[in-house]
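Source file protein28.cif; content: mmCIF, C-alpha atoms (C1' of nucleotides).
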data_target
#
loop_
_atom_site.label_atom_id
_atom_site.label_comp_id
_atom_site.auth_asym_id
_atom_site.auth_seq_id
_atom_site.Cartn_x
_atom_site.Cartn_y
_atom_site.Cartn_z
CA MET N 1 297.74 36.10 -93.28
CA ASP N 2 301.25 37.29 -93.04
CA GLN N 3 302.76 36.39 -89.71
CA LEU N 4 304.40 39.77 -89.35
CA LEU N 5 301.22 41.71 -89.90
CA PHE N 6 299.50 39.50 -87.38
CA GLU N 7 301.98 40.35 -84.68
CA GLN N 8 301.93 44.02 -85.53
CA LEU N 9 298.18 44.10 -85.25
CA LEU N 10 298.25 42.17 -82.00
CA SER N 11 300.65 44.57 -80.36
CA PHE N 12 298.68 47.48 -81.72
CA PHE N 13 295.53 46.20 -80.06
CA LYS N 14 297.38 45.43 -76.86
CA ALA N 15 298.77 48.94 -76.81
CA LEU N 16 295.37 50.55 -77.10
CA ALA N 17 293.51 48.06 -74.93
CA ASP N 18 294.05 50.06 -71.80
CA GLU N 19 291.82 52.86 -70.63
CA ASN N 20 294.60 55.23 -69.68
CA ARG N 21 296.70 54.58 -72.75
CA LEU N 22 293.72 55.25 -74.95
CA LYS N 23 293.10 58.48 -73.08
CA LEU N 24 296.74 59.42 -73.52
CA ILE N 25 296.35 59.06 -77.26
CA GLY N 26 293.31 61.26 -77.02
CA MET N 27 295.07 63.99 -75.09
CA LEU N 28 298.14 63.95 -77.27
CA ALA N 29 295.90 64.25 -80.30
CA GLU N 30 294.94 67.65 -78.95
CA LYS N 31 298.38 69.00 -78.23
CA GLU N 32 301.79 67.89 -77.06
CA CYS N 33 302.02 67.48 -73.30
CA SER N 34 304.53 66.97 -70.51
CA VAL N 35 304.48 63.84 -68.40
CA GLU N 36 303.45 65.80 -65.35
CA GLU N 37 300.49 67.38 -67.08
CA LEU N 38 299.29 64.03 -68.37
CA ALA N 39 299.64 62.51 -64.92
CA THR N 40 297.65 65.28 -63.30
CA ARG N 41 294.82 65.13 -65.79
CA LEU N 42 294.60 61.35 -65.68
CA LYS N 43 294.92 61.37 -61.92
CA ILE N 44 297.66 58.77 -61.88
CA ARG N 45 301.32 59.03 -60.91
CA GLU N 46 304.13 60.11 -63.22
CA PRO N 47 305.93 56.75 -63.30
CA THR N 48 302.76 55.10 -64.48
CA VAL N 49 302.37 57.62 -67.27
CA SER N 50 306.01 57.17 -68.12
CA HIS N 51 305.45 53.44 -68.39
CA HIS N 52 302.46 53.85 -70.69
CA LEU N 53 304.26 56.34 -72.89
CA ALA N 54 307.17 53.94 -73.21
CA ARG N 55 304.83 51.27 -74.52
CA LEU N 56 303.26 53.64 -77.00
CA ARG N 57 306.69 54.77 -78.08
CA GLU N 58 307.76 51.20 -78.86
CA LEU N 59 305.16 51.14 -81.60
CA ASP N 60 306.06 54.66 -82.75
CA LEU N 61 302.60 55.81 -81.82
CA VAL N 62 304.09 58.77 -79.95
CA THR N 63 307.41 60.56 -80.04
CA MET N 64 309.20 62.73 -77.53
CA ARG N 65 311.29 65.86 -77.63
CA LYS N 66 313.13 67.39 -74.70
CA GLU N 67 312.65 70.97 -73.72
CA GLY N 68 314.90 71.74 -70.81
CA ASN N 69 313.90 69.52 -68.00
CA THR N 70 310.58 68.44 -69.33
CA HIS N 71 309.79 65.81 -71.95
CA LEU N 72 307.12 66.82 -74.41
CA TYR N 73 305.25 63.94 -75.99
CA HIS N 74 303.21 64.18 -79.11
CA LEU N 75 301.14 61.89 -81.27
CA GLN N 76 302.69 60.25 -84.31
CA ALA N 77 299.70 60.53 -86.58
CA THR N 78 301.35 58.67 -89.45
CA SER N 79 301.89 55.46 -87.50
CA LEU N 80 298.39 55.56 -86.20
CA HIS N 81 297.07 56.02 -89.69
CA LYS N 82 299.08 53.17 -91.10
CA LEU N 83 297.91 50.72 -88.47
CA SER N 84 294.33 51.84 -88.74
CA LYS N 85 294.43 50.91 -92.40
CA ASP N 86 295.53 47.39 -91.52
CA VAL N 87 292.65 47.08 -89.11
CA LEU N 88 290.28 47.88 -91.92
CA SER N 89 291.54 44.88 -93.82
CA LEU N 90 291.06 42.68 -90.77
CA GLU N 91 288.57 40.57 -92.63
CA SER N 92 291.28 39.41 -94.94
CA ILE N 93 293.10 37.81 -92.05
CA ALA N 94 293.54 34.17 -92.72
CA ALA N 95 294.38 31.75 -89.98
CA PRO N 96 297.99 32.25 -88.98
CA ASP N 97 299.73 28.95 -89.53
CA PRO N 98 302.59 28.49 -87.12
CA GLU N 99 302.86 24.95 -88.56
CA PRO N 100 301.45 23.11 -91.52
CA ASN N 101 298.32 23.85 -89.60
CA GLU N 102 295.62 24.12 -92.18
CA ASP N 103 294.31 20.59 -91.78
CA LEU N 104 295.44 20.04 -88.24
CA TRP N 105 291.85 19.50 -87.30
CA GLU N 106 291.22 16.95 -90.02
CA ARG N 107 294.42 15.11 -89.23
CA LYS N 108 293.38 14.86 -85.63
CA VAL N 109 290.05 13.36 -86.62
CA LEU N 110 291.82 10.79 -88.80
CA LYS N 111 294.24 9.96 -86.05
CA ASP N 112 291.41 9.54 -83.56
CA TYR N 113 289.38 7.16 -85.72
CA LEU N 114 292.05 5.19 -87.51
CA GLN N 115 293.66 2.45 -85.46
CA GLU N 116 296.29 0.51 -87.35
CA GLY N 117 294.77 1.34 -90.66
CA ARG N 118 291.22 0.41 -89.70
CA LEU N 119 288.25 2.55 -88.66
CA SER N 120 287.59 2.06 -84.96
CA GLN N 121 284.08 3.33 -85.63
CA ILE N 122 282.14 5.54 -87.99
CA PRO N 123 281.97 9.00 -86.40
CA ALA N 124 278.48 9.99 -85.35
CA SER N 125 279.02 13.67 -86.02
CA ARG N 126 278.40 14.72 -89.58
CA LYS N 127 281.49 16.91 -89.74
CA LYS N 128 283.86 14.19 -88.63
CA ARG N 129 282.17 11.58 -90.77
CA GLU N 130 282.82 13.74 -93.77
CA VAL N 131 286.50 13.96 -92.98
CA ILE N 132 286.70 10.18 -92.88
CA LEU N 133 284.66 9.78 -96.03
CA ARG N 134 286.79 12.24 -97.98
CA TRP N 135 289.90 10.42 -96.83
CA LEU N 136 288.46 7.10 -97.93
CA VAL N 137 287.21 8.27 -101.29
CA ASN N 138 290.57 9.84 -101.99
CA GLN N 139 292.06 6.39 -102.24
CA LEU N 140 289.83 5.60 -105.17
CA GLU N 141 290.74 6.67 -108.68
CA TRP N 142 289.08 9.44 -110.59
CA GLU N 143 287.21 8.46 -113.76
CA LYS N 144 287.30 4.78 -112.88
CA ARG N 145 283.96 2.92 -112.53
CA TYR N 146 283.75 0.52 -109.57
CA PRO N 147 281.23 -2.35 -109.43
CA GLU N 148 279.53 -2.59 -106.03
CA LYS N 149 281.43 -5.77 -105.27
CA GLU N 150 284.71 -3.93 -105.65
CA ILE N 151 283.62 -1.00 -103.49
CA ASN N 152 282.61 -3.41 -100.79
CA ALA N 153 285.94 -5.18 -100.86
CA PHE N 154 287.68 -1.82 -100.62
CA LEU N 155 285.59 -0.58 -97.72
CA LEU N 156 285.83 -3.82 -95.78
CA GLN N 157 289.54 -3.17 -95.44
CA PHE N 158 288.56 -0.34 -93.11
CA HIS N 159 285.26 -1.25 -91.52
CA TRP N 160 282.78 -4.10 -91.43
CA ASP N 161 279.80 -1.86 -92.23
CA SER N 162 280.55 -1.24 -95.88
CA ALA N 163 276.86 -0.75 -96.64
CA THR N 164 276.62 2.35 -94.46
CA LEU N 165 279.81 3.79 -95.90
CA ARG N 166 278.55 3.19 -99.45
CA ARG N 167 275.28 4.92 -98.64
CA GLU N 168 277.18 7.86 -97.13
CA PHE N 169 279.28 8.24 -100.25
CA ILE N 170 276.11 8.79 -102.21
CA MET N 171 274.46 11.04 -99.64
CA THR N 172 277.45 13.31 -99.34
CA GLN N 173 277.74 13.47 -103.12
CA LEU N 174 281.24 12.12 -103.04
CA MET N 175 280.27 9.38 -105.46
CA MET N 176 277.54 8.66 -108.00
CA ARG N 177 275.83 5.32 -108.60
CA GLU N 178 274.02 3.78 -111.54
CA ASN N 179 273.17 0.11 -112.03
CA ASN N 180 275.29 -0.86 -109.05
CA VAL N 181 278.34 0.85 -110.50
CA TYR N 182 280.06 3.65 -108.56
CA TRP N 183 282.31 6.52 -109.59
CA ARG N 184 283.78 9.64 -107.97
CA ILE N 185 282.39 13.09 -108.62
CA MET P 1 285.37 62.74 -77.84
CA ASP P 2 282.08 61.16 -77.24
CA GLN P 3 282.16 59.10 -74.10
CA LEU P 4 280.16 56.28 -75.67
CA LEU P 5 282.45 55.93 -78.65
CA PHE P 6 285.40 55.91 -76.32
CA GLU P 7 284.06 52.96 -74.39
CA GLN P 8 283.09 51.10 -77.54
CA LEU P 9 286.57 51.51 -78.92
CA LEU P 10 288.12 50.46 -75.66
CA SER P 11 286.16 47.24 -75.49
CA PHE P 12 286.86 46.61 -79.14
CA PHE P 13 290.59 46.84 -78.52
CA LYS P 14 290.33 44.73 -75.42
CA ALA P 15 288.46 42.08 -77.35
CA LEU P 16 291.13 41.84 -80.01
CA ALA P 17 294.11 42.28 -77.71
CA ASP P 18 294.51 38.58 -77.15
CA GLU P 19 296.50 36.29 -79.37
CA ASN P 20 293.96 33.50 -79.48
CA ARG P 21 290.97 35.74 -79.92
CA LEU P 22 292.66 37.46 -82.82
CA LYS P 23 293.40 34.09 -84.35
CA LEU P 24 289.79 33.09 -83.88
CA ILE P 25 288.72 36.12 -85.88
CA GLY P 26 291.16 35.06 -88.53
CA MET P 27 289.88 31.52 -88.75
CA LEU P 28 286.26 32.55 -88.75
CA ALA P 29 287.03 34.95 -91.55
CA GLU P 30 287.85 31.93 -93.67
CA LYS P 31 284.81 29.85 -92.91
CA GLU P 32 282.39 29.09 -90.09
CA CYS P 33 283.76 26.61 -87.59
CA SER P 34 282.69 24.46 -84.67
CA VAL P 35 284.12 24.97 -81.21
CA GLU P 36 285.94 21.66 -81.36
CA GLU P 37 287.64 22.48 -84.64
CA LEU P 38 288.78 25.85 -83.34
CA ALA P 39 290.08 24.28 -80.16
CA THR P 40 292.03 21.65 -82.06
CA ARG P 41 293.64 24.11 -84.43
CA LEU P 42 294.51 26.57 -81.67
CA LYS P 43 295.70 23.76 -79.42
CA ILE P 44 293.69 24.92 -76.46
CA ARG P 45 290.72 23.32 -74.69
CA GLU P 46 287.11 23.75 -75.71
CA PRO P 47 286.03 25.68 -72.60
CA THR P 48 288.71 28.24 -73.28
CA VAL P 49 287.51 28.68 -76.85
CA SER P 50 283.96 28.91 -75.58
CA HIS P 51 284.99 31.66 -73.24
CA HIS P 52 286.71 33.65 -75.98
CA LEU P 53 283.80 33.23 -78.35
CA ALA P 54 281.45 34.49 -75.66
CA ARG P 55 283.49 37.67 -75.36
CA LEU P 56 283.52 38.20 -79.09
CA ARG P 57 279.79 37.57 -79.20
CA GLU P 58 279.15 40.30 -76.62
CA LEU P 59 280.40 42.82 -79.15
CA ASP P 60 278.54 41.15 -82.01
CA LEU P 61 281.84 40.37 -83.66
CA VAL P 62 280.73 36.77 -84.18
CA THR P 63 277.38 35.01 -84.24
CA MET P 64 276.40 31.40 -83.69
CA ARG P 65 273.96 28.99 -85.25
CA LYS P 66 273.19 25.50 -84.02
CA GLU P 67 273.42 22.53 -86.29
CA GLY P 68 272.46 19.46 -84.38
CA ASN P 69 274.85 19.06 -81.57
CA THR P 70 277.47 21.44 -82.75
CA HIS P 71 277.56 25.21 -82.57
CA LEU P 72 278.84 26.85 -85.71
CA TYR P 73 280.36 30.27 -85.25
CA HIS P 74 280.92 32.75 -88.00
CA LEU P 75 282.32 36.22 -88.33
CA GLN P 76 279.98 39.20 -88.28
CA ALA P 77 281.73 41.22 -90.92
CA THR P 78 279.41 44.20 -90.56
CA SER P 79 280.26 44.84 -86.91
CA LEU P 80 283.92 44.49 -87.62
CA HIS P 81 283.68 46.92 -90.48
CA LYS P 82 281.80 49.49 -88.43
CA LEU P 83 284.33 49.42 -85.62
CA SER P 84 287.26 49.55 -87.99
CA LYS P 85 285.88 52.77 -89.37
CA ASP P 86 285.87 54.28 -85.91
CA VAL P 87 289.48 53.30 -85.46
CA LEU P 88 290.36 55.22 -88.56
CA SER P 89 289.02 58.37 -86.96
CA LEU P 90 291.09 57.72 -83.86
CA GLU P 91 293.03 60.89 -84.43
CA SER P 92 289.94 62.92 -83.84
CA ILE P 93 289.73 61.60 -80.32
CA ALA P 94 289.75 64.45 -77.89
CA ALA P 95 290.49 63.90 -74.26
CA PRO P 96 287.49 62.27 -72.62
CA ASP P 97 286.42 64.67 -69.89
CA PRO P 98 284.94 62.83 -66.97
CA GLU P 99 284.88 66.25 -65.23
CA PRO P 100 285.41 69.82 -66.30
CA ASN P 101 288.81 68.41 -66.95
CA GLU P 102 290.33 70.63 -69.53
CA ASP P 103 292.18 72.87 -67.07
CA LEU P 104 292.52 70.37 -64.30
CA TRP P 105 296.22 70.63 -64.73
CA GLU P 106 296.30 74.41 -64.53
CA ARG P 107 293.99 74.48 -61.55
CA LYS P 108 296.28 72.08 -59.75
CA VAL P 109 299.25 74.33 -60.40
CA LEU P 110 297.35 77.31 -59.01
CA LYS P 111 296.24 75.34 -55.99
CA ASP P 112 299.80 74.19 -55.36
CA TYR P 113 301.34 77.66 -55.47
CA LEU P 114 298.64 79.84 -53.98
CA GLN P 115 298.42 79.73 -50.20
CA GLU P 116 295.71 81.96 -48.78
CA GLY P 117 295.77 84.22 -51.77
CA ARG P 118 299.56 84.64 -51.84
CA LEU P 119 302.23 83.01 -53.99
CA SER P 120 304.25 80.59 -51.86
CA GLN P 121 306.98 80.86 -54.50
CA ILE P 122 307.50 81.59 -58.15
CA PRO P 123 307.56 78.25 -59.98
CA ALA P 124 310.92 77.37 -61.47
CA SER P 125 309.48 75.49 -64.40
CA ARG P 126 308.55 77.62 -67.36
CA LYS P 127 305.26 75.85 -67.94
CA LYS P 128 304.01 76.35 -64.40
CA ARG P 129 305.30 79.91 -64.22
CA GLU P 130 303.24 80.73 -67.25
CA VAL P 131 300.11 79.39 -65.63
CA ILE P 132 300.68 81.66 -62.64
CA LEU P 133 301.52 84.64 -64.78
CA ARG P 134 298.41 84.25 -66.92
CA TRP P 135 296.32 84.03 -63.79
CA LEU P 136 297.88 87.18 -62.39
CA VAL P 137 297.64 89.20 -65.55
CA ASN P 138 294.01 88.21 -65.91
CA GLN P 139 293.22 90.33 -62.88
CA LEU P 140 294.39 93.41 -64.70
CA GLU P 141 292.11 95.27 -67.08
CA TRP P 142 292.47 95.25 -70.84
CA GLU P 143 293.28 98.56 -72.54
CA LYS P 144 294.20 100.18 -69.24
CA ARG P 145 297.70 101.61 -68.87
CA TYR P 146 299.39 100.91 -65.52
CA PRO P 147 302.32 103.00 -64.20
CA GLU P 148 305.11 100.83 -62.78
CA LYS P 149 304.23 101.95 -59.26
CA GLU P 150 300.73 100.58 -59.66
CA ILE P 151 301.93 97.27 -61.10
CA ASN P 152 304.27 96.88 -58.16
CA ALA P 153 301.52 97.49 -55.66
CA PHE P 154 299.36 94.95 -57.41
CA LEU P 155 302.07 92.30 -57.52
CA LEU P 156 303.17 92.80 -53.93
CA GLN P 157 299.74 91.53 -52.89
CA PHE P 158 300.93 88.15 -54.12
CA HIS P 159 304.68 88.05 -53.77
CA TRP P 160 307.53 90.16 -52.46
CA ASP P 161 309.53 89.86 -55.70
CA SER P 162 307.45 92.12 -57.88
CA ALA P 163 310.46 92.98 -60.01
CA THR P 164 310.85 89.42 -61.27
CA LEU P 165 307.16 89.11 -61.95
CA ARG P 166 307.16 92.38 -63.89
CA ARG P 167 310.09 91.23 -65.96
CA GLU P 168 308.36 87.91 -66.67
CA PHE P 169 305.26 89.73 -67.86
CA ILE P 170 307.37 91.36 -70.51
CA MET P 171 309.37 88.27 -71.42
CA THR P 172 306.30 86.14 -71.88
CA GLN P 173 304.68 88.86 -73.95
CA LEU P 174 301.74 89.08 -71.59
CA MET P 175 302.33 92.82 -71.21
CA MET P 176 304.06 95.62 -73.06
CA ARG P 177 306.05 98.43 -71.50
CA GLU P 178 307.00 101.93 -72.60
CA ASN P 179 308.33 104.74 -70.43
CA ASN P 180 307.59 102.73 -67.30
CA VAL P 181 303.98 102.29 -68.25
CA TYR P 182 302.54 98.78 -68.69
CA TRP P 183 299.53 97.39 -70.57
CA ARG P 184 298.17 93.98 -71.51
CA ILE P 185 298.60 92.50 -74.96
"C1'" DC E 1 329.10 73.10 -56.53
"C1'" DA E 2 324.73 72.36 -54.19
"C1'" DT E 3 319.99 72.31 -54.93
"C1'" DC E 4 315.75 71.68 -57.15
"C1'" DT E 5 312.70 69.84 -60.64
"C1'" DA E 6 311.04 66.48 -64.17
"C1'" DA E 7 311.44 62.16 -65.77
"C1'" DT E 8 312.78 57.49 -65.72
"C1'" DT E 9 314.10 52.96 -63.72
"C1'" DA E 10 313.68 49.28 -60.27
"C1'" DG E 11 311.06 46.48 -57.56
"C1'" DA E 12 306.80 45.17 -55.16
"C1'" DT E 13 301.86 44.56 -54.98
"C1'" DG E 14 297.26 43.79 -56.49
"C1'" DA E 15 293.81 43.26 -60.06
"C1'" DT E 16 292.55 41.27 -64.16
"C1'" DT E 17 292.00 37.49 -66.97
"C1'" DA E 18 293.45 33.36 -69.87
"C1'" DT E 19 293.48 28.82 -69.04
"C1'" DC E 20 292.51 24.42 -67.05
"C1'" DT E 21 289.57 20.43 -64.90
"C1'" DA E 22 285.21 18.85 -63.43
"C1'" DA E 23 280.42 19.06 -63.62
"C1'" DA E 24 276.06 20.37 -65.97
"C1'" DT E 25 273.27 20.83 -70.18
"C1'" DA E 26 271.56 19.72 -74.61
"C1'" DA E 27 271.00 17.25 -78.67
"C1'" DC E 28 271.53 13.10 -81.23
"C1'" DT E 29 271.94 7.72 -81.70
"C1'" DT E 30 270.74 3.17 -80.77
"C1'" DA O 1 265.51 4.91 -71.95
"C1'" DA O 2 270.45 4.78 -71.90
"C1'" DG O 3 274.57 6.19 -73.76
"C1'" DT O 4 277.38 9.23 -76.63
"C1'" DT O 5 278.98 13.71 -78.35
"C1'" DA O 6 279.47 18.90 -78.42
"C1'" DT O 7 279.11 22.68 -75.82
"C1'" DT O 8 278.71 25.52 -71.89
"C1'" DT O 9 279.09 26.78 -66.85
"C1'" DA O 10 281.49 26.86 -62.42
"C1'" DG O 11 285.39 27.25 -59.88
"C1'" DA O 12 290.41 27.16 -59.22
"C1'" DT O 13 295.05 28.44 -60.63
"C1'" DA O 14 298.58 30.95 -62.78
"C1'" DA O 15 300.34 34.53 -65.77
"C1'" DT O 16 300.11 39.13 -67.20
"C1'" DC O 17 300.20 43.78 -66.36
"C1'" DA O 18 298.72 48.41 -64.35
"C1'" DT O 19 299.92 50.84 -60.60
"C1'" DC O 20 302.40 52.38 -56.66
"C1'" DT O 21 306.69 53.94 -53.78
"C1'" DA O 22 311.53 54.59 -53.56
"C1'" DA O 23 315.71 55.40 -55.74
"C1'" DT O 24 318.27 57.15 -59.79
"C1'" DT O 25 319.38 60.11 -63.70
"C1'" DA O 26 319.57 64.42 -66.24
"C1'" DG O 27 318.91 69.07 -66.75
"C1'" DA O 28 318.44 73.82 -64.90
"C1'" DT O 29 319.06 77.38 -61.47
"C1'" DG O 30 321.40 80.10 -58.25
#

Show me, as structure tokens, the structure contained in the file I just sent.
Amino acid sequence: MDQLLFEQLLSFFKALADENRLKLIGMLAEKECSVEELATRLKIREPTVSHHLARLRELDLVTMRKEGNTHLYHLQATSLHKLSKDVLSLESIAAPDPEPNEDLWERKVLKDYLQEGRLSQIPASRKKREVILRWLVNQLEWEKRYPEKEINAFLLQFHWDSATLRREFIMTQLMMRENNVYWRI
Amino acid sequence: MDQLLFEQLLSFFKALADENRLKLIGMLAEKECSVEELATRLKIREPTVSHHLARLRELDLVTMRKEGNTHLYHLQATSLHKLSKDVLSLESIAAPDPEPNEDLWERKVLKDYLQEGRLSQIPASRKKREVILRWLVNQLEWEKRYPEKEINAFLLQFHWDSATLRREFIMTQLMMRENNVYWRI
DNA sequence: CATCTAATTAGATGATTATCTAAATAACTT
DNA sequence: AAGTTATTTAGATAATCATCTAATTAGATG
């Protein structure tokens, strides 16, 4: 997802994530009100209301007009509408990537299990094992057919237990085997 | 607005009003994830992620299934959709009335200015003056025509400055006058 | 000009809560 | 059974933020 939209949504939620601010929105939806009236009905002090209104105003959720001494606030329905629409598309949020972040998790797994180019161990957890296996298999060529002897030699560069790794390749469907010959799929 | 909906919306906003929780929603929208993976990508510790997921789970925004050791969380799109819809109707929020609240403001004004049945002063602010004037005029009968003398007598019960009050009645269009006779409009 | 009223700003305080470490639980591996 | 891994729970700490009082600004009234 777009970084900008993410931050907009976040501040939108923060703005409405307060009981009194949400009530303010409700009251202003009815009619425009002075600060004093809002304070009385919410049973909190004017400065507090002022503070809340300032926050809502930052997001253009409310606007203010002066009438003599008093400041009349009213709801900015358009802004509210626009943001509500974005909320509806919340499901389309992808992970915000502040960095090349997408595979941060996988890179960490690789870093944890690879010591000077060799596998310190074969991860017990299926998810991590798969990360390792995909990384290994990626160093083999597509289309090429590898005799078992060759696969073994390749795997032994990384770990003594080439048999287990070979078996895992098959089980995870990363490779196919026929007559002791292996290839990627 | 419905008190229940109000509280649902409030907790919805509170749930999403945190940077990391919002990111979690984003990541889970892509695919289901383990706690460890989420923690790694967010660069925070597992217990923290666990805590956030628990909050999201309270609102049924995410659900969890166990696969061996690991807990895989995934987004509950339905709940999200339902709540988003409510957000869209935010504008229809009326003030939540924890009490007969609607005129709490006006009742406070009356309380502030009426001491033992008499006006302590005539409010300077237009908004408050109107509250007082409407209360006063409400004690006069509809349709009836009051000679100025009678109006004065009535007003003097509440305040020495009946002349100002009379003038205000006219200015605010609460009464009409013709040949020194007054009536409500 | 002096006064009053409504609102805002400044600054302090207290409550909430995101985050961490350490310990407990649960499920899998050997 | 013993050890390892993933998660959760408990408890402590620190940051955020809602709220208050006191002081300031701006407008209106007399």

> Residues at most 6 Å from segment 168-184 of chain N, counting only C-alpha atoms (C1' of nucleotides), excluding those fewer than 6 positions away in the same chain, as a PyMOL selection string?
Replying inline: chain N and resi 142+145-148

> What is the atom CA of Glu32 of chain P to atom CA of Leu5 of chain P distance in Å?
Replying inline: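 Result for atom CA of Glu32 of chain P versus atom CA of Leu5 of chain P: 29.2 Å, one decimal.
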
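Residues matched by the PyMOL selection byres ((chain N and resi 33-48) around 8) in this file: Asn20, Leu24, Met27, Leu28, Lys31, Glu32, Val49, Ser50, His51, His52, Thr70, His71, Leu72, Tyr73 and His74 of chain N; Asn101, Leu104, Trp105 and Lys108 of chain P; DA6, DA7 and DT8 of chain E; DA18, DT19 and DC20 of chain O.
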
> the PyMOL selection byres ((chain P and resi 162) around 12) on the file shown: which residues, as a list in words?
Replying inline: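 With the PyMOL selection byres ((chain P and resi 162) around 12) on this model, the match is Leu119, Gln121, Ile122, Leu133, Leu136, Glu148, Lys149, Glu150, Ile151, Asn152, Ala153, Phe154, Leu155, Leu156, Gln157, Phe158, His159, Trp160, Asp161, Ala163, Thr164, Leu165, Arg166, Arg167, Glu168 and Phe169 of chain P.
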
>> Taking all atoms listed in the file into account, find every residue of chain O that has an atom no more than 10 Å from chain P, and write it out as a list in words.
In response: DT5, DA6, DT7, DT8, DT9, DA28 and DT29 of chain O

> By how many Å are atom CA of Arg55 of chain P and atom C1' of DT16 of chain O apart?
Replying inline: 18.6 Å

>> Here's the selection I'm unsure about, the PyMOL selection byres ((chain E and resi 3) around 12); applied to the file above, which residues does it give, as a list in words?
In response: DC1, DA2, DC4 and DT5 of chain E; DA28, DT29 and DG30 of chain O

> If we count only C-alpha atoms (C1' of nucleotides), which residues of chain E reach to within 8 Å of chain P? Please list them as an MDAnalysis selection string.
Replying inline: chainID E and resid 5 18:20 26:28

> Pick the closest to chain N from P:Arg118, P:Lys144, P:Lys85, P:Arg57: which is it, counting all atoms listed in the file?
Replying inline: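 Of the candidates, the smallest distance to chain N is held by P:Lys85.
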
>> Just checking: using all atoms listed in the file, which residue out of N:Asp60, N:Asp86, N:Glu116, N:Glu130 ends up closest to chain P?
In response: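 For chain P, the nearest of the candidates is N:Asp86.
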
> In Å to one decimal, how far is atom CA of Ala17 of chain P from atom CA of Ala77 of chain N?
Replying inline: 21.0 Å

>> Here's a test: counting only C-alpha atoms (C1' of nucleotides), identify every protein, DNA and RNA residue with an atom at most 12 Å from (300.4, 57.1, -87.8) in the file's coordinate frame, and state them as an NGL selection string.
In response: (:N and (12 or 25 or 29 or 56-57 or 59-63 or 74-86)) or (:P and (87-91))

> From the list P:Gln139, P:Ile185, P:Ala15, P:Gln115, which residue is nearest chain N when using only C-alpha atoms?
Replying inline: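 So, comparing all the options, the nearest one is P:Ala15.
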
> Pick the closest to chain P from N:Asp112, N:Glu143, N:Glu106, N:Glu58: which is it, counting all atoms listed in the file?
Replying inline: N:Glu106

> When distances are computed from all atoms listed in the file, which of N:Met64, N:Val131, N:Asn138, N:Ser120 shows the smallest separation from chain P?
Replying inline: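 Nearest candidate to chain P out of N:Met64, N:Val131, N:Asn138, N:Ser120: N:Val131.
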
Spatial neighbours of DA12 of chain O, max dist 10 Å, only C-alpha atoms (C1' of nucleotides), sep filter under 2 positions, as an mmCIF file with C-alpha atoms (C1' of nucleotides), in the coordinates of the input:
data_model
loop_
_atom_site.group_PDB
_atom_site.id
_atom_site.type_symbol
_atom_site.label_atom_id
_atom_site.label_comp_id
_atom_site.auth_asym_id
_atom_site.auth_seq_id
_atom_site.Cartn_x
_atom_site.Cartn_y
_atom_site.Cartn_z
ATOM 1 C "C1'" DC E 20 292.510 24.420 -67.050
ATOM 2 C "C1'" DT E 21 289.570 20.430 -64.900
ATOM 3 C "C1'" DA O 10 281.490 26.860 -62.420
ATOM 4 C "C1'" DA O 14 298.580 30.950 -62.780
#

> Which residue, P:Lys111, P:Leu16, P:Trp135, P:Glu141, has the smallest gap to chain N when you use only C-alpha atoms?
Replying inline: P:Leu16
